[in-house]
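See below for the structure under consideration.
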Amino acid sequence: SSLASLNDPPAFVAMGCIASKPAVAASAAPALAAQSTPAAQPDKNLLAEAKPEEAKPTGLKIQIASAHGLRSADLIGNKSDVYVEVEIEGKSDSKVTTAVVTGTASKKEGAGENDKNSIDVDLQFVGELKGYVAGDKILFTVMDKDFLTSGDCLGKATVAEIGFGGKLVLEGAGEGFQAHLMVQLGDGFGMEEAKKVAEAAAASMAAAASSLVAAAKLAASSDA
């Protein structure tokens with residue numbers, strides 16, 4: 001029995017190895033359980049409350065003072081019966097239309113030799129687009145009124161910046177024509193400021209042209 005006790009492994013070694021394994025497994029179990037626990041899902045009611053409100057449609061004020069640099073669509077009389085259609089893109093029922101104003105093509109002061117005769121008309125229109133929502137685009141279409149056909153397009157433009165005011169360049173005005181509208185979207189004074197700048201530039205060009213004419217006359221009288 002003494003030999004058997006020597007060959008047997010010490011009791012504390014056996015107890016230590018056997019007892020330590022369950023202890024490790026027991027300590028690891030909560031960690032594994034914690035890792036497998038699904039993340040808490042947000043309350044659906046809270047998500048609904050956090051959803052931003054949809055923008056409500058409102059009215060948008062539109063002002064169109066004048067149109068410039070238009071081509072003549074009528075061969076007889078060298079004129080165009082001008083009007084402008086304005087609408088919110090994708091909302092045809094929002095369309096508003098200016099009155100028809102007839103203009104005759106003429107040479108502008110300060111124009112170059114290669115510049116074509118063009119039409120300027122005062123429209124003085126104020127209206128409101130119904131159903132406007134922030135982010136909508138505003139379409140401007142300048143037309144020539146024709147009682148026999150659907151009319152001719154004299155130029156188009158799109159504006160997405162509310163508060164825009166000033167010179168709105170038209171696309172598709174015709175080869176050699178640089179047409180534009182003077183407009184204001186919403187409240188603001190951009191159109192008035194741009195108009196003053198344009199008038200000052202026109203006056204400056206007219207003064208320069210007059211100076212050239214006076215200089216030419218002086219030169220001619222000196223030669224005589």
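So you can find residues: chains in the structure tokens are A, B, ... in the order shown, residues in each start at 1, and ligands are numbered from 1 in order.
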Closest pair table for region 125-144 of chain A residues within 6 Å of region 75-95 of chain A, only C-alpha atoms, as a tab-separated table:
residue	atom	partner	partner_atom	distance
A:Leu129	CA	A:Ser94	CA	5.6
A:Lys130	CA	A:Ser94	CA	5.4
A:Lys137	CA	A:Glu89	CA	5.5
A:Ile138	CA	A:Ile88	CA	4.7
A:Leu139	CA	A:Glu87	CA	5.4
A:Phe140	CA	A:Val86	CA	4.7
A:Thr141	CA	A:Glu85	CA	5.2
A:Val142	CA	A:Val84	CA	4.5
A:Met143	CA	A:Tyr83	CA	5.4
A:Asp144	CA	A:Val82	CA	4.8
Handout entry: Residue contacts of Pro57 (chain A) (8 Å, only C-alpha atoms) excluding same-chain residues fewer than 6 positions away, as an MDAnalysis selection string
Key = chainID A and resid 130:133
Handout entry: Polymer residues at most 10 Å from Ala173 (chain A), only C-alpha atoms, same-chain spacing of 2 or more positions, as a list in words
Key = Gly69, Leu70, Arg71, Val142, Cys153, Leu154, Gly155, Lys156, Val169, Leu170, Glu171, Glu175, Gly176, Phe177, Gln178, Ala179 and His180 of chain A
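In terms of minimum interatomic distance to Thr102 (chain A), A:Ser72 ranks closest within A:Gln63, A:Thr158, A:Gln124, A:Ser72, counting only C-alpha atoms.
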Exercise for the section: Between CA of Ile62 (chain A) and CA of Gly127 (chain A), measure the distance and give it in Å to one decimal. Expected result: 5.2 Å
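Separating CA of Ala67 (chain A) from CA of Lys145 (chain A) is a distance of 14.8 Å.
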Completion exercise
With distances taken over only C-alpha atoms, the candidate from A:Asp146, A:Glu128, A:Asp122, A:Asp187 nearest Gly59 (chain A) is A:Glu128
Problem - Distance of CA of Gly186 (chain A) from CA of Gly135 (chain A), expressed in Å to one decimal place - result: 13.7 Å
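All residues of protein, DNA or RNA that reach within 8 Å of Ser106 (chain A), judged by only C-alpha atoms and not counting those fewer than 5 positions away in the chain, are Asn117, Ser118 and Ile119 of chain A.
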